[in-house]
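J.: Next up, query-v9.txt (compact mmCIF, C-alpha atoms).
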# COMPACT_ATOMS: atom_id res chain seq x y z
CA MET A 1 -13.13 22.43 -8.94
CA LYS A 2 -13.25 22.76 -12.72
CA ASN A 3 -16.24 24.11 -14.65
CA GLY A 4 -19.01 21.62 -15.35
CA GLY A 5 -18.76 19.81 -12.03
CA PRO A 6 -15.85 18.05 -10.36
CA ARG A 7 -13.94 15.37 -12.27
CA VAL A 8 -13.60 12.25 -10.15
CA LEU A 9 -11.62 9.13 -11.03
CA PHE A 10 -12.94 5.94 -9.44
CA VAL A 11 -10.31 3.20 -9.34
CA TYR A 12 -11.75 -0.16 -8.32
CA LYS A 13 -10.59 -3.70 -7.74
CA LYS A 14 -12.25 -6.86 -9.00
CA SER A 15 -13.42 -9.41 -6.47
CA ALA A 16 -11.88 -12.88 -6.28
CA TYR A 17 -15.14 -14.32 -7.65
CA GLN A 18 -15.11 -11.89 -10.57
CA LEU A 19 -11.53 -12.72 -11.49
CA HIS A 20 -11.40 -16.47 -10.93
CA VAL A 21 -14.94 -17.56 -11.81
CA ARG A 22 -16.65 -15.04 -14.08
CA GLU A 23 -13.59 -14.12 -16.13
CA ARG A 24 -11.01 -16.90 -15.87
CA LYS A 25 -13.47 -19.79 -15.50
CA ASN A 26 -11.22 -21.50 -12.96
CA GLY A 27 -12.74 -24.96 -12.57
CA ARG A 28 -11.13 -25.70 -9.22
CA VAL A 29 -12.43 -22.51 -7.64
CA GLU A 30 -15.88 -23.14 -9.09
CA GLU A 31 -15.91 -26.67 -7.66
CA LEU A 32 -14.78 -25.52 -4.22
CA ILE A 33 -17.54 -22.91 -4.14
CA ARG A 34 -20.12 -25.46 -5.32
CA ARG A 35 -19.09 -27.83 -2.51
CA GLY A 36 -19.18 -25.07 0.06
CA ASP A 37 -15.53 -25.62 0.96
CA ARG A 38 -14.44 -23.57 3.98
CA THR A 39 -11.43 -22.12 2.11
CA VAL A 40 -13.75 -20.14 -0.19
CA GLN A 41 -16.75 -19.65 2.06
CA ASN A 42 -16.52 -15.84 1.92
CA VAL A 43 -15.98 -15.47 -1.82
CA LEU A 44 -19.62 -15.04 -2.81
CA SER A 45 -20.59 -12.67 0.00
CA ALA A 46 -17.49 -10.50 -0.55
CA ASP A 47 -18.32 -10.29 -4.25
CA ALA A 48 -21.91 -9.29 -3.52
CA GLU A 49 -20.79 -6.51 -1.15
CA HIS A 50 -18.24 -5.21 -3.64
CA VAL A 51 -20.69 -5.15 -6.56
CA GLU A 52 -23.27 -3.31 -4.45
CA THR A 53 -20.66 -0.70 -3.46
CA LEU A 54 -19.75 -0.06 -7.08
CA GLU A 55 -23.42 0.46 -7.87
CA GLU A 56 -23.63 2.88 -4.95
CA ALA A 57 -20.75 4.86 -6.42
CA ARG A 58 -22.32 5.00 -9.87
CA ALA A 59 -25.63 6.14 -8.39
CA ALA A 60 -23.83 8.83 -6.36
CA VAL A 61 -22.18 10.13 -9.54
CA ARG A 62 -25.59 10.52 -11.17
CA ASP A 63 -27.19 12.13 -8.10
CA LEU A 64 -24.40 14.62 -7.44
CA GLY A 65 -23.69 15.66 -11.02
CA VAL A 66 -20.12 14.44 -10.83
CA ARG A 67 -18.12 13.83 -13.98
CA GLY A 68 -17.04 10.35 -13.00
CA VAL A 69 -14.64 8.00 -14.73
CA PHE A 70 -14.53 4.37 -13.56
CA ARG A 71 -11.33 2.42 -14.18
CA TYR A 72 -10.24 -1.06 -13.12
CA ARG A 73 -7.01 -0.67 -11.18
CA SER A 74 -4.87 -2.69 -13.60
CA ASP A 75 -5.97 -0.59 -16.57
CA GLU A 76 -3.24 1.97 -17.19
CA GLY A 77 -4.30 5.55 -17.68
CA LEU A 78 -3.47 9.10 -16.73
CA VAL A 79 -4.57 10.32 -13.31
CA GLU A 80 -3.80 13.98 -14.00
CA GLY A 81 -6.69 16.38 -14.54
CA PHE A 82 -8.95 14.95 -11.84
CA ASP A 83 -10.15 16.88 -8.79
CA LEU A 84 -10.49 13.75 -6.67
CA ILE A 85 -9.51 10.09 -6.85
CA VAL A 86 -11.65 7.47 -5.13
CA ALA A 87 -10.18 4.01 -4.49
CA ILE A 88 -12.92 1.38 -4.20
CA GLY A 89 -11.85 -1.92 -2.67
CA GLY A 90 -9.65 -2.06 0.39
CA ASP A 91 -6.15 -1.23 1.53
CA GLY A 92 -4.57 -3.06 -1.41
CA THR A 93 -6.46 -0.86 -3.86
CA LEU A 94 -5.42 2.29 -2.00
CA LEU A 95 -1.77 1.19 -2.12
CA TRP A 96 -2.11 0.52 -5.85
CA VAL A 97 -3.57 3.99 -6.36
CA SER A 98 -0.92 5.66 -4.20
CA HIS A 99 1.84 4.68 -6.62
CA ARG A 100 0.10 6.58 -9.41
CA VAL A 101 -1.15 9.70 -7.65
CA PRO A 102 1.01 12.83 -7.76
CA PRO A 103 1.29 15.03 -4.66
CA GLY A 104 -1.58 17.40 -4.03
CA VAL A 105 -4.38 15.32 -5.57
CA PRO A 106 -6.77 14.21 -2.79
CA VAL A 107 -7.63 10.53 -2.45
CA LEU A 108 -10.61 8.95 -0.71
CA ALA A 109 -10.44 5.21 0.01
CA VAL A 110 -13.73 3.30 0.22
CA ASN A 111 -13.98 -0.13 1.84
CA SER A 112 -16.27 -1.99 -0.56
CA ALA A 113 -16.64 -5.14 1.56
CA PRO A 114 -16.30 -4.15 5.23
CA GLY A 115 -17.42 -7.60 6.32
CA HIS A 116 -14.30 -9.07 4.74
CA SER A 117 -11.72 -6.26 4.62
CA VAL A 118 -9.78 -4.33 7.28
CA GLY A 119 -9.93 -0.97 5.51
CA HIS A 120 -7.14 0.64 7.54
CA PHE A 121 -6.84 3.55 5.08
CA CYS A 122 -10.53 3.78 4.22
CA GLY A 123 -12.52 6.88 5.15
CA GLY A 124 -15.65 5.64 3.38
CA GLN A 125 -17.42 2.33 3.21
CA LYS A 126 -20.30 0.42 1.69
CA GLY A 127 -23.68 1.94 2.53
CA ARG A 128 -22.33 5.45 2.90
CA VAL A 129 -20.62 6.09 -0.43
CA ARG A 130 -22.82 9.01 -1.48
CA ASP A 131 -22.30 10.84 1.82
CA ALA A 132 -18.54 10.35 1.68
CA LEU A 133 -18.32 11.49 -1.94
CA GLU A 134 -20.48 14.55 -1.32
CA ALA A 135 -18.35 15.52 1.69
CA ALA A 136 -15.14 14.97 -0.27
CA ILE A 137 -16.08 17.17 -3.22
CA GLY A 138 -17.47 19.75 -0.81
CA GLY A 139 -14.14 20.00 1.00
CA LYS A 140 -15.63 18.79 4.29
CA LEU A 141 -13.32 15.84 4.93
CA LYS A 142 -10.10 16.22 6.88
CA ALA A 143 -7.03 15.88 4.66
CA SER A 144 -3.94 14.09 5.98
CA ARG A 145 -0.54 14.45 4.32
CA LEU A 146 1.01 11.02 4.67
CA THR A 147 4.72 10.52 4.18
CA ARG A 148 5.72 8.31 1.27
CA MET A 149 9.14 6.72 0.80
CA GLN A 150 11.63 7.00 -2.06
CA VAL A 151 13.55 3.87 -3.04
CA GLU A 152 16.63 3.78 -5.26
CA LEU A 153 18.58 0.86 -6.71
CA ASP A 154 22.13 1.67 -7.81
CA GLY A 155 21.16 5.32 -8.19
CA GLU A 156 17.99 4.67 -10.19
CA VAL A 157 14.77 5.80 -8.54
CA LEU A 158 12.38 2.84 -8.46
CA SER A 159 9.59 4.73 -6.71
CA ARG A 160 8.92 7.97 -4.86
CA ARG A 161 5.51 6.79 -3.70
CA VAL A 162 5.87 3.84 -1.33
CA LEU A 163 3.17 4.35 1.31
CA ASN A 164 3.19 1.14 3.36
CA ASP A 165 6.57 -0.58 3.33
CA ALA A 166 9.38 -2.21 1.41
CA LEU A 167 10.89 -5.62 2.06
CA PHE A 168 14.41 -6.59 1.03
CA CYS A 169 14.95 -10.35 1.22
CA HIS A 170 16.13 -13.46 -0.61
CA ALA A 171 13.99 -14.79 -3.46
CA SER A 172 13.47 -17.97 -1.43
CA PRO A 173 11.73 -17.57 1.94
CA ALA A 174 13.80 -20.51 3.22
CA ALA A 175 17.15 -18.87 2.39
CA THR A 176 19.24 -16.52 4.50
CA THR A 177 19.32 -12.86 3.46
CA ARG A 178 22.84 -11.40 3.73
CA TYR A 179 23.54 -7.69 3.40
CA ILE A 180 25.38 -4.71 4.85
CA VAL A 181 23.12 -2.05 6.34
CA SER A 182 24.37 1.51 6.89
CA LEU A 183 22.85 4.24 9.06
CA HIS A 184 24.06 6.85 11.58
CA GLY A 185 27.66 6.23 10.52
CA ILE A 186 27.38 2.51 11.31
CA ASP A 187 28.06 -0.21 8.71
CA GLU A 188 26.83 -3.60 9.88
CA ALA A 189 26.86 -6.95 8.08
CA GLN A 190 23.71 -8.87 8.92
CA LYS A 191 22.04 -12.22 8.34
CA SER A 192 18.28 -12.47 8.64
CA SER A 193 15.05 -13.30 6.83
CA GLY A 194 15.05 -9.79 5.41
CA LEU A 195 14.56 -6.18 6.34
CA TRP A 196 11.33 -4.18 6.49
CA ILE A 197 11.33 -0.41 6.11
CA GLY A 198 8.55 2.07 5.55
CA PRO A 199 6.81 5.30 6.55
CA ALA A 200 4.41 5.82 9.43
CA ALA A 201 1.30 4.83 7.47
CA GLY A 202 2.58 1.25 7.28
CA SER A 203 3.84 0.98 10.84
CA THR A 204 0.74 -0.90 12.03
CA ALA A 205 1.33 -3.69 9.51
CA ALA A 206 4.50 -5.75 8.89
CA GLN A 207 6.78 -3.39 10.82
CA ARG A 208 4.69 -3.89 13.96
CA SER A 209 4.42 -7.65 13.47
CA ALA A 210 8.21 -7.87 13.16
CA GLY A 211 8.76 -6.01 16.44
CA GLY A 212 8.55 -2.36 15.44
CA ARG A 213 6.35 0.29 16.99
CA VAL A 214 3.35 2.20 15.72
CA LEU A 215 4.34 5.70 14.62
CA PRO A 216 2.10 8.78 14.75
CA PRO A 217 0.31 9.09 11.39
CA ALA A 218 1.84 12.53 10.74
CA SER A 219 5.42 11.36 11.39
CA ARG A 220 7.92 12.24 8.68
CA LYS A 221 10.32 9.50 9.76
CA LEU A 222 10.83 6.01 8.38
CA GLN A 223 11.08 2.87 10.50
CA TYR A 224 13.23 -0.18 9.77
CA VAL A 225 12.90 -3.60 11.40
CA VAL A 226 15.11 -6.63 10.78
CA ARG A 227 13.02 -9.74 10.22
CA GLU A 228 14.12 -12.84 12.15
CA PRO A 229 17.73 -11.76 12.71
CA TYR A 230 20.51 -14.31 13.11
CA HIS A 231 21.87 -14.02 16.63
CA ALA A 232 25.63 -14.27 16.39
CA PRO A 233 27.59 -15.53 19.43
CA GLU A 234 29.29 -12.14 19.76
CA GLY A 235 26.03 -10.33 20.48
CA GLN A 236 23.04 -8.44 19.09
CA TYR A 237 22.99 -6.29 15.97
CA ARG A 238 23.14 -2.56 16.65
CA LEU A 239 20.86 -1.78 13.69
CA ARG A 240 18.11 -4.27 14.43
CA ARG A 241 15.27 -1.73 14.55
CA GLY A 242 15.00 2.02 14.63
CA LEU A 243 14.01 5.26 12.92
CA VAL A 244 15.40 7.09 9.91
CA ASP A 245 15.20 10.87 10.24
CA GLU A 246 13.61 12.84 7.41
CA ARG A 247 17.04 14.09 6.29
CA GLU A 248 18.76 10.70 6.54
CA GLU A 249 18.81 7.61 4.37
CA LEU A 250 19.18 3.92 5.12
CA VAL A 251 21.48 2.04 2.76
CA VAL A 252 21.49 -1.70 2.10
CA ALA A 253 24.26 -3.39 0.08
CA SER A 254 23.27 -6.86 -1.12
CA GLN A 255 25.52 -9.83 -0.36
CA ILE A 256 23.32 -12.29 -2.24
CA ARG A 257 22.71 -13.02 -5.91
CA ALA A 258 18.97 -13.68 -5.72
CA GLY A 259 17.79 -10.69 -3.74
CA ARG A 260 14.32 -9.26 -4.12
CA LEU A 261 12.85 -5.88 -3.25
CA PHE A 262 9.08 -5.79 -2.73
CA LEU A 263 7.33 -2.41 -2.68
CA ASP A 264 3.93 -2.14 -1.00
CA GLY A 265 3.09 -5.81 -1.31
CA PRO A 266 3.86 -8.70 -3.68
CA HIS A 267 3.13 -7.11 -7.05
CA LEU A 268 5.86 -4.47 -7.38
CA VAL A 269 9.07 -6.51 -7.18
CA HIS A 270 12.64 -5.80 -8.34
CA GLU A 271 15.62 -8.15 -8.56
CA VAL A 272 18.66 -7.18 -6.49
CA ASP A 273 22.00 -8.80 -7.38
CA LEU A 274 25.22 -9.22 -5.43
CA GLY A 275 26.87 -5.85 -4.82
CA GLN A 276 23.88 -3.74 -5.73
CA VAL A 277 22.92 -0.95 -3.35
CA VAL A 278 19.41 0.04 -2.24
CA ARG A 279 18.73 3.42 -0.66
CA PHE A 280 15.64 4.38 1.32
CA ARG A 281 14.67 7.94 2.27
CA ARG A 282 11.60 10.07 2.86
CA SER A 283 10.02 11.13 -0.40
CA ASP A 284 9.19 14.74 -1.22
CA GLU A 285 5.83 13.51 -2.62
CA PRO A 286 3.40 12.97 0.29
CA LEU A 287 -0.05 11.48 -0.28
CA THR A 288 -3.14 13.57 0.51
CA LEU A 289 -5.62 11.11 2.02
CA LEU A 290 -9.13 12.18 3.02
CA ALA A 291 -10.86 11.02 6.21
CA PHE A 292 -7.96 8.78 7.22
CA PRO A 293 -9.43 6.89 10.22
CA ARG A 294 -6.18 6.98 12.21
CA ALA A 295 -5.48 10.68 11.65
CA SER A 296 -7.07 11.70 14.93
CA GLY A 297 -5.84 8.68 16.86
So, in terms of structure tokens, how does the structure I just supplied come out?

T.:
Amino acid sequence: MKNGGPRVLFVYKKSAYQLHVRERKNGRVEELIRRGDRTVQNVLSADAEHVETLEEARAAVRDLGVRGVFRYRSDEGLVEGFDLIVAIGGDGTLLWVSHRVPPGVPVLAVNSAPGHSVGHFCGGQKGRVRDALEAAIGGKLKASRLTRMQVELDGEVLSRRVLNDALFCHASPAATTRYIVSLHGIDEAQKSSGLWIGPAAGSTAAQRSAGGRVLPPASRKLQYVVREPYHAPEGQYRLRRGLVDEREELVVASQIRAGRLFLDGPHLVHEVDLGQVVRFRRSDEPLTLLAFPRASG
């Protein structure tokens, strides 16, 4: 740690109530909440939990003598020069942070509203923020090196820090995704709803739902799963699901004009045109995550 106490960057999300009511003054959301509509019944309680967790974090900074910087996750800023990065929110906030954190900088994810959030990656949670922060800066939390994925489009690196998964598909969810997938010396033209691929950390999410298997957290392999494949009369696809070794790459050549490539959710999206080629491989920039709940499972 640097002189003068550890430097800790706290990256936090804003609750749905904060964004849509306090800031954007969305009349429809306000009216639904006022009526007690079931579609927004958790908005107020989730906001209250999140606000209380942020206050916990600020109090912990004061108590522990930490040099803390608090930054809303959409506010751009350097993440270099910090001893620790704390993501306050849920899994979406951790994924957001992961794309900005260089290898070697430890990250602690805190579930700010455990009554409303899964917190798959979260080693801390509301009510125990001070204890988690103290353990983190004291080096008492187990560190897991999680594989991230590198994604290239026509030779240009789009990201070296995909932690959960990538989805290649048509811009319209009702349209067929056509592509040629290459792996293990096999080139196979496929039709489907798209193709999921990602490292082990994301194997409990979309990959599993689409028919993949849960990988050990420390695995250095990638997993791909074809989403809703078209079953041709001549038989099954050979590359429907499987693993990509750490020294291999999976290649997808687009056969559609309106292709899309989503990285770790809906916010990081790239257009993929006819004939463009996407390559997926293990990144040489793993993420150091503290107190990962699945690390010992």

J.: Take CA of Phe292 in chain A and CA of Ala109 in chain A and report the distance between them in Å, one decimal.

T.: 8.4 Å

J.: Using all atoms listed in the file, which of A:Val272, A:Ala16, A:Leu289, A:Leu9 sits nearest Leu78 in chain A?

T.: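 The closest residue to Leu78 in chain A is A:Leu9.
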
J.: At a cut-off of 9 Å from (-8.4, -2.3, -1.8) in the coordinates of the file, what residues are picked up using all atoms listed in the file, written as a list in words?

T.: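 Within the cut-off we find Tyr12, Lys13, Ala87, Ile88, Gly89, Gly90, Asp91, Gly92, Thr93, Leu94, Leu95, Trp96, Ala109, Val110, Asn111, Ser112, Ser117, Gly119 and Cys122 of chain A.
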
J.: Box for range 281-284 of chain A: with edges along x, y and z, all listed atoms inside and 3 Å added on each side, what are the centre and edge lengths in Å to one decimal, as AutoDock Vina command-line options?

T.:
--center_x 11.9 --center_y 11.3 --center_z 0.8 --size_x 11.5 --size_y 12.8 --size_z 10.1

J.: Just the residues within 8 Å of range 54-62 of chain A, please, counting only C-alpha atoms, with nothing from its chain fewer than 3 positions along; format it as a ChimeraX atom specification.

T.: /A:50-51,65-68,88,112,126-127,129-130,133

J.: Could you state the separation of CA of Val86 in chain A and CA of Val11 in chain A in Å, given to one decimal place?

T.: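 Going from CA of Val86 in chain A over to CA of Val11 in chain A covers 6.1 Å.
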
J.: Measuring atom to atom with all atoms listed in the file, identify which of A:Arg38, A:Lys221, A:Arg128, A:Arg161 is nearest to Ser203 in chain A.

T.: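 Residue with the minimum atom-to-atom distance to Ser203 in chain A: A:Lys221.
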
J.: Quote the spacing between CA of Leu19 in chain A and CA of Val269 in chain A in Å to one decimal place.

T.: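 Spanning CA of Leu19 in chain A to CA of Val269 in chain A is a straight-line distance of 21.9 Å.
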
J.: Counting only C-alpha atoms, what is within 8 Å of Gly212 in chain A, bar same-chain residues fewer than 5 positions away, as an MDAnalysis selection string?

T.: chainID A and resid 203 207 223:225 241:242

J.: Is there a way to get, as a PyMOL selection string, all residues within 12 Å of the point (15.1, -6.0, -5.8) in file coordinates, counting only C-alpha atoms?

T.: chain A and resi 151-154+156+158+166-171+194+252-254+256-263+266+268-279

J.: Using all atoms listed in the file for the distances, tell me which of A:Ala189, A:Leu287, A:Val162, A:Ala46 is nearest to Tyr230 in chain A.

T.: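 Nearest to Tyr230 in chain A: A:Ala189.
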
J.: Which residue, A:Arg238, A:Arg227, A:Lys140, A:Arg160, has the smallest gap to Pro199 in chain A when you use all atoms listed in the file?

T.: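 Closest to Pro199 in chain A of all the choices is A:Arg160.
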
J.: Need the shell around Ile33 in chain A: protein/DNA/RNA residues with any atom at most 12 Å away, counting all atoms listed in the file. Skip same-chain ones fewer than 2 positions apart. Format as a ChimeraX atom specification?

T.: /A:16-17,20-21,26-31,35-45

J.: Kindly indicate which residue among A:Ala291, A:Val97, A:Ile186, A:Val107 lies nearest to Lys142 in chain A, using only C-alpha atoms for the distances.

T.: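 Counting only C-alpha atoms, the residue closest to Lys142 in chain A is A:Ala291.
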